[in-house]
$ cat coords-v5.tsv   # TSV, C-alpha atoms
chain	number	residue	atom	x	y	z
A	300	MET	CA	-230.91	-129.86	49.75
A	301	SER	CA	-228.22	-127.42	48.59
A	302	LYS	CA	-228.81	-123.82	47.57
A	303	ALA	CA	-227.34	-124.66	44.12
A	304	PHE	CA	-229.96	-127.37	43.63
A	305	HIS	CA	-232.65	-124.94	44.77
A	306	ALA	CA	-231.54	-122.30	42.30
A	307	ALA	CA	-231.36	-124.70	39.37
A	308	HIS	CA	-234.89	-125.90	40.02
A	309	GLY	CA	-236.38	-122.64	41.25
A	310	PRO	CA	-239.55	-121.18	39.76
A	311	ARG	CA	-239.47	-119.18	36.56
A	312	THR	CA	-239.50	-115.72	38.11
A	313	VAL	CA	-239.94	-112.24	36.64
A	314	ALA	CA	-239.13	-109.15	38.70
A	315	ILE	CA	-240.35	-105.80	37.34
A	316	GLY	CA	-239.28	-102.34	38.49
A	317	GLY	CA	-236.22	-100.14	38.78
A	318	GLY	CA	-234.11	-98.18	41.21
A	319	THR	CA	-232.31	-99.66	44.20
A	320	GLY	CA	-235.37	-101.59	45.38
A	321	LEU	CA	-235.30	-103.98	42.43
A	322	SER	CA	-231.57	-104.67	42.59
A	323	THR	CA	-231.80	-105.27	46.36
A	324	MET	CA	-234.52	-107.86	45.85
A	325	LEU	CA	-232.59	-109.58	43.05
A	326	ARG	CA	-229.65	-110.22	45.39
A	327	GLY	CA	-231.96	-112.33	47.52
A	328	LEU	CA	-233.96	-114.02	44.77
A	329	LYS	CA	-230.91	-115.32	42.89
A	330	LYS	CA	-230.12	-117.61	45.84
A	331	TYR	CA	-233.41	-119.43	45.29
A	332	THR	CA	-233.81	-119.47	41.53
A	333	ALA	CA	-231.54	-119.21	38.52
A	334	ASN	CA	-234.64	-118.95	36.34
A	335	LEU	CA	-234.81	-115.22	36.97
A	336	THR	CA	-235.59	-112.33	34.62
A	337	ALA	CA	-235.41	-108.69	35.68
A	338	ILE	CA	-237.45	-106.28	33.54
A	339	VAL	CA	-236.15	-102.77	34.14
A	340	THR	CA	-237.52	-99.31	33.41
A	341	VAL	CA	-235.55	-97.02	31.09
A	342	ALA	CA	-237.31	-93.75	31.98
A	343	ASP	CA	-234.56	-92.40	34.26
A	344	ASP	CA	-233.06	-89.08	33.16
A	345	GLY	CA	-231.20	-87.91	36.28
A	346	GLY	CA	-227.69	-88.26	37.69
A	347	GLY	CA	-224.94	-89.99	35.76
A	348	SER	CA	-227.48	-91.90	33.65
A	349	GLY	CA	-229.05	-88.64	32.56
A	350	VAL	CA	-225.68	-87.23	31.51
A	351	LEU	CA	-224.87	-90.27	29.36
A	352	ARG	CA	-228.39	-90.23	27.94
A	353	GLU	CA	-228.04	-86.62	26.81
A	354	GLU	CA	-224.42	-86.76	25.63
A	355	LEU	CA	-224.41	-90.18	23.95
A	356	GLY	CA	-228.07	-90.58	22.99
A	357	MET	CA	-228.26	-93.92	24.78
A	358	LEU	CA	-230.89	-95.30	27.14
A	359	PRO	CA	-230.14	-94.69	30.83
A	360	PRO	CA	-227.75	-97.36	32.14
A	361	GLY	CA	-227.97	-96.83	35.92
A	362	ASP	CA	-230.87	-99.08	36.93
A	363	ILE	CA	-229.75	-101.76	34.47
A	364	ARG	CA	-226.20	-101.64	35.84
A	365	ASN	CA	-227.45	-101.99	39.43
A	366	CYS	CA	-229.39	-105.12	38.47
A	367	LEU	CA	-226.41	-106.59	36.60
A	368	GLN	CA	-224.23	-106.01	39.66
A	369	ALA	CA	-226.81	-107.66	41.90
A	370	LEU	CA	-226.92	-110.79	39.72
A	371	ALA	CA	-223.21	-110.91	38.86
A	372	ASN	CA	-221.06	-113.87	39.78
A	373	THR	CA	-217.65	-112.21	39.70
A	374	GLU	CA	-214.71	-111.52	41.94
A	375	PRO	CA	-215.21	-108.81	44.61
A	376	THR	CA	-212.73	-106.59	42.78
A	377	MET	CA	-214.89	-106.58	39.64
A	378	GLU	CA	-218.02	-105.75	41.63
A	379	ALA	CA	-216.18	-102.89	43.35
A	380	LEU	CA	-214.92	-101.69	39.96
A	381	LEU	CA	-218.42	-101.59	38.49
A	382	ALA	CA	-219.66	-99.55	41.45
A	383	TYR	CA	-216.65	-97.19	41.46
A	384	ARG	CA	-217.51	-93.52	40.88
A	385	PHE	CA	-214.94	-91.07	39.56
A	386	ARG	CA	-214.24	-88.19	41.92
A	387	GLU	CA	-212.68	-85.53	39.73
A	388	GLY	CA	-212.76	-84.00	36.27
A	389	SER	CA	-215.50	-84.30	33.67
A	390	LEU	CA	-216.29	-87.84	34.85
A	391	ALA	CA	-216.90	-86.81	38.47
A	392	GLY	CA	-219.87	-88.73	39.87
A	393	GLN	CA	-220.02	-91.14	36.95
A	394	SER	CA	-219.75	-94.87	37.68
A	395	PHE	CA	-217.39	-97.17	35.81
A	396	GLY	CA	-220.26	-99.64	35.32
A	397	ASN	CA	-222.28	-97.01	33.47
A	398	LEU	CA	-219.32	-96.26	31.20
A	399	PHE	CA	-218.76	-99.97	30.57
A	400	LEU	CA	-222.36	-100.34	29.42
A	401	ALA	CA	-222.11	-97.14	27.37
A	402	ALA	CA	-219.11	-98.55	25.50
A	403	LEU	CA	-220.94	-101.80	24.78
A	404	ASN	CA	-223.98	-99.84	23.63
A	405	ASP	CA	-221.78	-98.04	21.10
A	406	MET	CA	-220.47	-101.40	19.85
A	407	CYS	CA	-223.86	-103.12	19.56
A	408	ASP	CA	-226.92	-102.74	17.35
A	409	GLY	CA	-229.29	-102.12	20.27
A	410	PHE	CA	-229.32	-101.39	23.99
A	411	ASP	CA	-230.77	-104.81	24.79
A	412	GLU	CA	-227.84	-106.45	22.98
A	413	ALA	CA	-225.38	-104.34	24.97
A	414	VAL	CA	-227.06	-105.47	28.20
A	415	ARG	CA	-226.91	-109.09	27.07
A	416	ARG	CA	-223.21	-108.87	26.30
A	417	MET	CA	-222.45	-107.23	29.63
A	418	SER	CA	-224.46	-110.01	31.28
A	419	GLU	CA	-222.16	-112.55	29.62
A	420	VAL	CA	-219.04	-110.74	30.81
A	421	LEU	CA	-220.33	-110.72	34.39
A	422	ALA	CA	-221.69	-114.29	34.23
A	423	ILE	CA	-224.91	-113.18	35.88
A	424	THR	CA	-227.54	-115.46	37.37
A	425	GLY	CA	-230.65	-115.17	35.19
A	426	ARG	CA	-230.96	-112.23	32.83
A	427	VAL	CA	-231.66	-108.50	32.79
A	428	LEU	CA	-233.86	-106.90	30.13
A	429	PRO	CA	-234.65	-103.25	29.45
A	430	VAL	CA	-238.44	-103.09	29.15
A	431	THR	CA	-238.08	-101.35	25.77
A	432	ASN	CA	-235.41	-100.11	23.37
A	433	THR	CA	-237.37	-96.92	22.71
A	434	ASP	CA	-235.98	-93.63	24.05
A	435	VAL	CA	-238.93	-92.72	26.30
A	436	ARG	CA	-239.49	-89.78	28.64
A	437	LEU	CA	-241.72	-89.87	31.70
A	438	ILE	CA	-244.34	-87.12	31.86
A	439	ALA	CA	-246.32	-86.38	35.05
A	440	GLU	CA	-249.70	-84.68	35.15
A	441	PHE	CA	-250.55	-83.09	38.50
A	442	GLU	CA	-253.92	-82.32	40.04
A	443	ASP	CA	-253.19	-78.58	39.80
A	444	GLY	CA	-252.97	-78.93	36.01
A	445	ALA	CA	-249.19	-78.78	35.71
A	446	VAL	CA	-247.46	-81.10	33.24
A	447	ILE	CA	-243.87	-81.89	34.22
A	448	PRO	CA	-241.58	-83.66	31.72
A	449	GLY	CA	-238.65	-85.73	32.94
A	450	GLU	CA	-238.43	-88.28	35.74
A	451	SER	CA	-235.80	-86.24	37.57
A	452	HIS	CA	-238.07	-83.16	37.80
A	453	ILE	CA	-241.25	-84.81	39.07
A	454	ALA	CA	-240.37	-85.17	42.74
A	455	GLY	CA	-239.08	-81.60	42.93
A	456	TYR	CA	-242.30	-80.13	41.57
A	457	LYS	CA	-244.47	-82.20	43.88
A	458	HIS	CA	-242.34	-81.21	46.85
A	459	ARG	CA	-242.58	-77.51	46.01
A	460	THR	CA	-246.32	-77.40	45.36
A	461	ASP	CA	-247.70	-80.30	47.43
A	462	SER	CA	-249.95	-81.09	44.47
A	463	ARG	CA	-250.78	-84.77	44.05
A	464	ILE	CA	-249.67	-86.69	40.97
A	465	ARG	CA	-252.77	-87.52	38.94
A	466	ARG	CA	-251.18	-89.59	36.21
A	467	VAL	CA	-247.90	-90.33	34.46
A	468	ARG	CA	-247.36	-91.28	30.84
A	469	LEU	CA	-244.53	-92.02	28.41
A	470	GLU	CA	-243.56	-90.02	25.36
A	471	PRO	CA	-243.32	-91.37	22.76
A	472	GLU	CA	-245.45	-94.48	23.06
A	473	ALA	CA	-243.30	-97.60	23.17
A	474	SER	CA	-243.63	-101.35	22.75
A	475	ALA	CA	-242.04	-103.88	25.06
A	476	LEU	CA	-239.20	-106.07	23.92
A	477	PRO	CA	-240.60	-109.44	22.77
A	478	ALA	CA	-238.29	-111.16	25.26
A	479	CYS	CA	-240.00	-109.28	28.13
A	480	LEU	CA	-243.45	-110.42	27.05
A	481	GLU	CA	-242.23	-113.99	26.60
A	482	ALA	CA	-240.73	-113.98	30.10
A	483	ILE	CA	-244.02	-112.77	31.59
A	484	ARG	CA	-245.97	-115.34	29.59
A	485	ASP	CA	-243.76	-118.20	30.81
A	486	ALA	CA	-243.40	-117.05	34.43
A	487	GLU	CA	-244.55	-119.03	37.44
A	488	LEU	CA	-243.88	-116.12	39.81
A	489	ILE	CA	-244.04	-112.39	39.02
A	490	VAL	CA	-242.98	-109.63	41.41
A	491	LEU	CA	-243.68	-105.91	41.00
A	492	GLY	CA	-241.51	-103.56	43.03
A	493	PRO	CA	-240.27	-102.62	45.51
A	494	GLY	CA	-239.37	-99.15	44.31
A	495	SER	CA	-240.63	-95.64	43.65
A	496	LEU	CA	-244.26	-96.02	42.62
A	497	TYR	CA	-244.47	-93.45	39.83
A	498	THR	CA	-240.89	-93.44	38.59
A	499	SER	CA	-239.70	-97.06	38.96
A	500	VAL	CA	-242.70	-99.41	38.90
A	501	ILE	CA	-245.49	-97.73	36.92
A	502	PRO	CA	-243.29	-96.73	33.91
A	503	ASN	CA	-242.97	-100.43	33.04
A	504	LEU	CA	-246.75	-100.79	32.94
A	505	LEU	CA	-246.99	-97.95	30.43
A	506	VAL	CA	-244.91	-99.79	27.83
A	507	GLY	CA	-247.13	-101.45	25.26
A	508	GLY	CA	-247.90	-105.09	25.97
A	509	VAL	CA	-246.64	-105.31	29.57
A	510	ALA	CA	-249.89	-104.67	31.47
A	511	GLU	CA	-251.82	-106.92	29.09
A	512	ALA	CA	-249.31	-109.74	29.52
A	513	LEU	CA	-249.50	-109.40	33.30
A	514	SER	CA	-253.28	-109.52	33.25
A	515	ARG	CA	-253.26	-112.71	31.18
A	516	SER	CA	-250.61	-114.43	33.30
A	517	ARG	CA	-251.66	-117.26	35.62
A	518	ALA	CA	-248.47	-116.93	37.67
A	519	VAL	CA	-248.44	-116.10	41.38
A	520	LYS	CA	-248.28	-112.30	41.13
A	521	VAL	CA	-247.02	-110.20	44.03
A	522	TYR	CA	-246.67	-106.46	44.58
A	523	VAL	CA	-244.04	-105.59	47.20
A	524	LEU	CA	-245.33	-102.52	49.01
A	525	ASN	CA	-242.87	-99.78	49.92
A	526	VAL	CA	-242.22	-99.71	53.65
A	527	MET	CA	-242.16	-95.91	53.82
A	528	THR	CA	-243.94	-93.23	51.82
A	529	GLN	CA	-241.69	-91.20	49.53
A	530	ASP	CA	-241.34	-87.45	49.67
A	531	GLY	CA	-242.11	-86.06	46.23
A	532	GLU	CA	-244.18	-89.05	45.11
A	533	THR	CA	-246.39	-90.76	47.66
A	534	GLU	CA	-246.80	-88.56	50.75
A	535	LYS	CA	-249.72	-89.80	52.86
A	536	TYR	CA	-250.36	-92.74	50.50
A	537	THR	CA	-251.81	-95.85	52.08
A	538	ALA	CA	-251.45	-99.39	50.76
A	539	SER	CA	-254.75	-99.08	48.89
A	540	ASP	CA	-253.61	-95.78	47.34
A	541	HIS	CA	-250.59	-97.57	45.87
A	542	ILE	CA	-252.78	-100.34	44.49
A	543	ARG	CA	-255.28	-97.90	42.96
A	544	ALA	CA	-252.47	-95.97	41.27
A	545	LEU	CA	-251.11	-99.17	39.75
A	546	ARG	CA	-254.55	-100.14	38.48
A	547	GLU	CA	-255.26	-96.69	37.08
A	548	HIS	CA	-252.15	-96.98	34.93
A	549	GLY	CA	-252.13	-100.69	34.12
A	550	GLY	CA	-255.66	-101.97	34.63
A	551	GLU	CA	-256.78	-104.87	36.78
A	552	GLY	CA	-255.25	-108.31	37.05
A	553	LEU	CA	-251.70	-107.04	37.55
A	554	PHE	CA	-251.23	-108.91	40.84
A	555	ASP	CA	-253.19	-110.85	43.46
A	556	PHE	CA	-251.03	-110.39	46.56
A	557	CYS	CA	-249.55	-107.37	48.31
A	558	LEU	CA	-246.54	-108.13	50.51
A	559	ALA	CA	-245.96	-105.63	53.31
A	560	ASN	CA	-243.43	-105.34	56.11
A	561	SER	CA	-244.19	-106.41	59.68
A	562	THR	CA	-240.87	-105.45	61.30
A	563	PRO	CA	-241.30	-102.59	63.83
A	564	ILE	CA	-239.45	-99.43	62.81
A	565	PRO	CA	-237.31	-97.88	65.62
A	566	ASP	CA	-238.42	-94.47	66.89
A	567	ALA	CA	-235.10	-92.87	65.91
A	568	ALA	CA	-235.57	-93.99	62.29
A	569	LEU	CA	-239.20	-92.82	62.26
A	570	GLU	CA	-238.16	-89.37	63.43
A	571	ALA	CA	-235.44	-89.12	60.78
A	572	TYR	CA	-237.90	-90.03	58.05
A	573	ARG	CA	-240.53	-87.59	59.34
A	574	LEU	CA	-237.99	-84.79	58.99
A	575	GLU	CA	-237.79	-85.73	55.30
A	576	GLY	CA	-241.57	-85.85	54.87
A	577	ALA	CA	-241.84	-89.64	54.93
A	578	GLU	CA	-243.67	-92.05	57.22
A	579	PRO	CA	-244.57	-95.76	57.33
A	580	THR	CA	-247.08	-96.74	54.65
A	581	VAL	CA	-250.42	-97.29	56.38
A	582	LEU	CA	-251.82	-100.78	55.85
A	583	ASP	CA	-255.55	-100.15	55.35
A	584	VAL	CA	-256.27	-103.86	55.17
A	585	GLU	CA	-260.04	-103.69	54.66
A	586	LEU	CA	-259.73	-101.29	51.71
A	587	VAL	CA	-256.97	-103.42	50.16
A	588	GLU	CA	-259.06	-106.56	50.44
A	589	SER	CA	-262.12	-104.74	49.06
A	590	LEU	CA	-260.04	-104.31	45.90
A	591	GLY	CA	-259.67	-108.08	45.66
A	592	ILE	CA	-256.05	-108.12	46.80
A	593	THR	CA	-254.74	-110.33	49.60
A	594	LEU	CA	-252.43	-108.41	51.92
A	595	THR	CA	-249.80	-110.45	53.70
A	596	ARG	CA	-247.11	-109.29	56.11
A	597	ALA	CA	-243.62	-110.55	56.88
A	598	PRO	CA	-240.46	-109.23	58.59
A	599	ILE	CA	-238.63	-108.11	55.45
A	600	VAL	CA	-236.62	-105.02	56.45
A	601	VAL	CA	-233.54	-104.07	58.43
A	602	CYS	CA	-232.89	-100.74	60.13
A	603	LYS	CA	-229.35	-99.40	60.35
A	604	ASP	CA	-228.14	-95.87	61.01
A	605	ARG	CA	-231.76	-94.66	60.95
A	606	LEU	CA	-232.24	-96.05	57.44
A	607	VAL	CA	-234.98	-98.55	56.65
A	608	ARG	CA	-234.06	-100.96	53.87
A	609	HIS	CA	-235.44	-104.22	52.53
A	610	ASP	CA	-233.36	-107.18	53.62
A	611	PRO	CA	-232.55	-109.15	50.44
A	612	ALA	CA	-232.61	-112.57	52.08
A	613	ALA	CA	-235.74	-112.00	54.17
A	614	LEU	CA	-237.64	-110.43	51.27
A	615	ALA	CA	-236.74	-113.25	48.89
A	616	GLU	CA	-237.74	-115.89	51.42
A	617	ALA	CA	-241.10	-114.19	52.08
A	618	ILE	CA	-241.82	-114.03	48.34
A	619	LEU	CA	-240.89	-117.69	47.80
A	620	ARG	CA	-242.99	-118.80	50.78
A	621	LEU	CA	-245.97	-116.93	49.36
A	622	TYR	CA	-245.38	-118.63	46.03
A	623	LEU	CA	-245.19	-122.09	47.59
A	624	GLU	CA	-248.32	-121.54	49.69
A	625	HIS	CA	-250.29	-120.88	46.52
A	626	THR	CA	-248.64	-123.49	44.31
A	627	PRO	CA	-249.50	-126.74	46.11
A	628	THR	CA	-248.20	-128.99	43.33
A	629	ARG	CA	-244.71	-127.44	43.31
A	630	THR	CA	-241.99	-129.67	44.78
A	631	PHE	CA	-239.46	-126.85	45.19
A	632	SER	CA	-238.69	-126.20	48.86
A	633	LEU	CA	-236.85	-123.51	50.80
$ encode --input "coords-v5.tsv" --output "structure tokens"
Amino acid sequence: MSKAFHAAHGPRTVAIGGGTGLSTMLRGLKKYTANLTAIVTVADDGGGSGVLREELGMLPPGDIRNCLQALANTEPTMEALLAYRFREGSLAGQSFGNLFLAALNDMCDGFDEAVRRMSEVLAITGRVLPVTNTDVRLIAEFEDGAVIPGESHIAGYKHRTDSRIRRVRLEPEASALPACLEAIRDAELIVLGPGSLYTSVIPNLLVGGVAEALSRSRAVKVYVLNVMTQDGETEKYTASDHIRALREHGGEGLFDFCLANSTPIPDAALEAYRLEGAEPTVLDVELVESLGITLTRAPIVVCKDRLVRHDPAALAEAILRLYLEHTPTRTFSL
């Protein structure tokens, strides 16, 4: 059976998150299903996205642009153009893709419409949705009592003080786009992550309606656990720590399965990560299962130049296999 036939008849899939982890996973998933919706956080306020957010008053385009690139069906030149970053002048560090989306945003009545029109230009597989059109800011509350506004400042404060993040919230409160809630309602497969726990995954759960829709969903729901802890967010976090943090912000019923990596990490890569304050996420299986979550492992990463990254194809296949194992009536096959 051809990949095209697979994609056309693939499960209705929703992927929720942000950052590079989400776009990496989308590159793999689009080979198996065209019925794919990416729901993306809009809490980013750093880098080129932060500049456009402040200067143009638009929602941050970076994570959205990464997902559009991942799902695009265009010539290699167009993909390279979208990823191109200017090197000099006032645009230094800014990507052409961000500016493209900024121009569309100025032409359209809402950010979601701008994303839809860019999706049409790029002929993407599936669709990409900002989780909300509201201009939200991420606020972190730390165990030492500090309150740090702005996604881009959270990791720095945690790194300087070694205080643990107690909770994050959004200001102002925001409601999810109806299209996001409809996608969750209709989904057969829902994937949270991979990505930064507090700044890519959890912000979506804080948008009104998302956590409730996830809890009501009868889809196969999977959380993709980060392979390594993240300096500034999740130092010394175990798998159960990640799950508890998700539940504390979004309640129970968000997912039933936790997918973790089983590929051994080379010693050279481990040492490089330790120098940056990161280490492999400990799989405390008994504690995870005591929370009512099934932990499953698969070889889903590649290591190159001392960097550990999810492999798009392997990750997508592991997710689809998990879906098929728990959907016995589904005729779709890998």
$ atom_distance --input "coords-v5.tsv" --atom1 "atom CA of A:Glu442" --atom2 "atom CA of A:Thr460"
10.5 Å
$ residues_around --input "coords-v5.tsv" --residues "stretch 589-599 of chain A" --least-positions-apart "6" --cutoff "9 Å" --atoms "all atoms listed in the file" --output "PyMOL selection string"
chain A and resi 539+542-543+554-563+582+608-617+621
$ write_last_selection --input "coords-v5.tsv" --atoms "C-alpha atoms" --output "PDB file, keeping the file's coordinate frame"
ATOM      1  CA  SER A 539    -254.750 -99.080  48.890  1.00  0.00           C
ATOM      2  CA  ILE A 542    -252.780-100.340  44.490  1.00  0.00           C
ATOM      3  CA  ARG A 543    -255.280 -97.900  42.960  1.00  0.00           C
ATOM      4  CA  PHE A 554    -251.230-108.910  40.840  1.00  0.00           C
ATOM      5  CA  ASP A 555    -253.190-110.850  43.460  1.00  0.00           C
ATOM      6  CA  PHE A 556    -251.030-110.390  46.560  1.00  0.00           C
ATOM      7  CA  CYS A 557    -249.550-107.370  48.310  1.00  0.00           C
ATOM      8  CA  LEU A 558    -246.540-108.130  50.510  1.00  0.00           C
ATOM      9  CA  ALA A 559    -245.960-105.630  53.310  1.00  0.00           C
ATOM     10  CA  ASN A 560    -243.430-105.340  56.110  1.00  0.00           C
ATOM     11  CA  SER A 561    -244.190-106.410  59.680  1.00  0.00           C
ATOM     12  CA  THR A 562    -240.870-105.450  61.300  1.00  0.00           C
ATOM     13  CA  PRO A 563    -241.300-102.590  63.830  1.00  0.00           C
ATOM     14  CA  LEU A 582    -251.820-100.780  55.850  1.00  0.00           C
ATOM     15  CA  ARG A 608    -234.060-100.960  53.870  1.00  0.00           C
ATOM     16  CA  HIS A 609    -235.440-104.220  52.530  1.00  0.00           C
ATOM     17  CA  ASP A 610    -233.360-107.180  53.620  1.00  0.00           C
ATOM     18  CA  PRO A 611    -232.550-109.150  50.440  1.00  0.00           C
ATOM     19  CA  ALA A 612    -232.610-112.570  52.080  1.00  0.00           C
ATOM     20  CA  ALA A 613    -235.740-112.000  54.170  1.00  0.00           C
ATOM     21  CA  LEU A 614    -237.640-110.430  51.270  1.00  0.00           C
ATOM     22  CA  ALA A 615    -236.740-113.250  48.890  1.00  0.00           C
ATOM     23  CA  GLU A 616    -237.740-115.890  51.420  1.00  0.00           C
ATOM     24  CA  ALA A 617    -241.100-114.190  52.080  1.00  0.00           C
ATOM     25  CA  LEU A 621    -245.970-116.930  49.360  1.00  0.00           C
TER      26      LEU A 621
END
$ closest_residue --input "coords-v5.tsv" --among "A:Pro448, A:Gly327, A:Leu398, A:Ala314" --to "A:Gly361" --atoms "only C-alpha atoms"
A:Leu398
$ atom_distance --input "coords-v5.tsv" --atom1 "atom CA of A:Asp485" --atom2 "atom CA of A:Val526"
29.4 Å
$ closest_residue --input "coords-v5.tsv" --among "A:Glu588, A:Ile423, A:Ala402, A:Leu321" --to "A:Leu355" --atoms "only C-alpha atoms"
A:Ala402
$ closest_residue --input "coords-v5.tsv" --among "A:Gly507, A:Gly552, A:Gly492, A:Gly425" --to "A:Pro310" --atoms "all atoms listed in the file"
A:Gly425
$ atom_distance --input "coords-v5.tsv" --atom1 "atom CA of A:Asp540" --atom2 "atom CA of A:Leu469"
21.3 Å
$ closest_residue --input "coords-v5.tsv" --among "A:Phe410, A:Phe385, A:Tyr497, A:Phe441" --to "A:Gly549" --atoms "all atoms listed in the file"
A:Tyr497
$ closest_residue --input "coords-v5.tsv" --among "A:Gly388, A:Pro360, A:Gly444, A:Pro375" --to "A:Val427" --atoms "all atoms listed in the file"
A:Pro360
$ closest_residue --input "coords-v5.tsv" --among "A:Arg517, A:His548, A:Arg416, A:Lys535" --to "A:Arg465" --atoms "only C-alpha atoms"
A:His548
$ build_atoms --input "coords-v5.tsv" --residues "stretch 572-579 of chain A" --atoms "all heavy atoms" --output "PDB file, keeping the file's coordinate frame"
ATOM      1  N   TYR A 572    -237.097 -90.024  59.267  1.00  0.00           N
ATOM      2  CA  TYR A 572    -237.900 -90.030  58.050  1.00  0.00           C
ATOM      3  C   TYR A 572    -238.956 -88.925  58.071  1.00  0.00           C
ATOM      4  O   TYR A 572    -239.242 -88.302  57.036  1.00  0.00           O
ATOM      5  CB  TYR A 572    -238.563 -91.397  57.845  1.00  0.00           C
ATOM      6  CG  TYR A 572    -237.655 -92.388  57.151  1.00  0.00           C
ATOM      7  CD1 TYR A 572    -236.814 -93.229  57.883  1.00  0.00           C
ATOM      8  CD2 TYR A 572    -237.625 -92.482  55.771  1.00  0.00           C
ATOM      9  CE1 TYR A 572    -235.974 -94.127  57.248  1.00  0.00           C
ATOM     10  CE2 TYR A 572    -236.788 -93.381  55.120  1.00  0.00           C
ATOM     11  CZ  TYR A 572    -235.966 -94.199  55.871  1.00  0.00           C
ATOM     12  OH  TYR A 572    -235.131 -95.085  55.239  1.00  0.00           O
ATOM     13  N   ARG A 573    -239.515 -88.666  59.241  1.00  0.00           N
ATOM     14  CA  ARG A 573    -240.530 -87.590  59.340  1.00  0.00           C
ATOM     15  C   ARG A 573    -239.917 -86.235  58.975  1.00  0.00           C
ATOM     16  O   ARG A 573    -240.581 -85.395  58.371  1.00  0.00           O
ATOM     17  CB  ARG A 573    -241.121 -87.551  60.744  1.00  0.00           C
ATOM     18  CG  ARG A 573    -242.046 -88.715  61.048  1.00  0.00           C
ATOM     19  CD  ARG A 573    -242.831 -88.494  62.340  1.00  0.00           C
ATOM     20  NE  ARG A 573    -243.629 -89.666  62.661  1.00  0.00           N
ATOM     21  CZ  ARG A 573    -243.336 -90.545  63.608  1.00  0.00           C
ATOM     22  NH1 ARG A 573    -242.236 -90.373  64.355  1.00  0.00           N
ATOM     23  NH2 ARG A 573    -244.115 -91.585  63.833  1.00  0.00           N
ATOM     24  N   LEU A 574    -238.660 -86.042  59.341  1.00  0.00           N
ATOM     25  CA  LEU A 574    -237.990 -84.790  58.990  1.00  0.00           C
ATOM     26  C   LEU A 574    -237.841 -84.643  57.477  1.00  0.00           C
ATOM     27  O   LEU A 574    -237.695 -83.530  56.969  1.00  0.00           O
ATOM     28  CB  LEU A 574    -236.610 -84.739  59.655  1.00  0.00           C
ATOM     29  CG  LEU A 574    -236.610 -84.611  61.183  1.00  0.00           C
ATOM     30  CD1 LEU A 574    -235.189 -84.708  61.724  1.00  0.00           C
ATOM     31  CD2 LEU A 574    -237.268 -83.301  61.622  1.00  0.00           C
ATOM     32  N   GLU A 575    -237.887 -85.753  56.762  1.00  0.00           N
ATOM     33  CA  GLU A 575    -237.790 -85.730  55.300  1.00  0.00           C
ATOM     34  C   GLU A 575    -239.161 -85.861  54.635  1.00  0.00           C
ATOM     35  O   GLU A 575    -239.249 -86.048  53.415  1.00  0.00           O
ATOM     36  CB  GLU A 575    -236.875 -86.856  54.828  1.00  0.00           C
ATOM     37  CG  GLU A 575    -235.435 -86.721  55.317  1.00  0.00           C
ATOM     38  CD  GLU A 575    -234.544 -87.843  54.822  1.00  0.00           C
ATOM     39  OE1 GLU A 575    -235.064 -88.737  54.112  1.00  0.00           O
ATOM     40  OE2 GLU A 575    -233.345 -87.828  55.136  1.00  0.00           O
ATOM     41  N   GLY A 576    -240.225 -85.772  55.440  1.00  0.00           N
ATOM     42  CA  GLY A 576    -241.570 -85.850  54.870  1.00  0.00           C
ATOM     43  C   GLY A 576    -242.048 -87.244  54.551  1.00  0.00           C
ATOM     44  O   GLY A 576    -242.956 -87.423  53.736  1.00  0.00           O
ATOM     45  N   ALA A 577    -241.448 -88.254  55.177  1.00  0.00           N
ATOM     46  CA  ALA A 577    -241.840 -89.640  54.930  1.00  0.00           C
ATOM     47  C   ALA A 577    -242.309 -90.289  56.221  1.00  0.00           C
ATOM     48  O   ALA A 577    -241.921 -89.886  57.320  1.00  0.00           O
ATOM     49  CB  ALA A 577    -240.673 -90.430  54.348  1.00  0.00           C
ATOM     50  N   GLU A 578    -243.139 -91.324  56.069  1.00  0.00           N
ATOM     51  CA  GLU A 578    -243.670 -92.050  57.220  1.00  0.00           C
ATOM     52  C   GLU A 578    -244.009 -93.471  56.781  1.00  0.00           C
ATOM     53  O   GLU A 578    -244.074 -93.750  55.571  1.00  0.00           O
ATOM     54  CB  GLU A 578    -244.921 -91.348  57.749  1.00  0.00           C
ATOM     55  CG  GLU A 578    -246.026 -91.200  56.714  1.00  0.00           C
ATOM     56  CD  GLU A 578    -247.146 -90.286  57.172  1.00  0.00           C
ATOM     57  OE1 GLU A 578    -247.036 -89.737  58.275  1.00  0.00           O
ATOM     58  OE2 GLU A 578    -248.112 -90.131  56.411  1.00  0.00           O
ATOM     59  N   PRO A 579    -244.225 -94.388  57.722  1.00  0.00           N
ATOM     60  CA  PRO A 579    -244.570 -95.760  57.330  1.00  0.00           C
ATOM     61  C   PRO A 579    -245.858 -95.785  56.507  1.00  0.00           C
ATOM     62  O   PRO A 579    -246.814 -95.060  56.801  1.00  0.00           O
ATOM     63  CB  PRO A 579    -244.758 -96.478  58.672  1.00  0.00           C
ATOM     64  CG  PRO A 579    -243.940 -95.684  59.635  1.00  0.00           C
ATOM     65  CD  PRO A 579    -244.058 -94.262  59.185  1.00  0.00           C
TER      66      PRO A 579
END
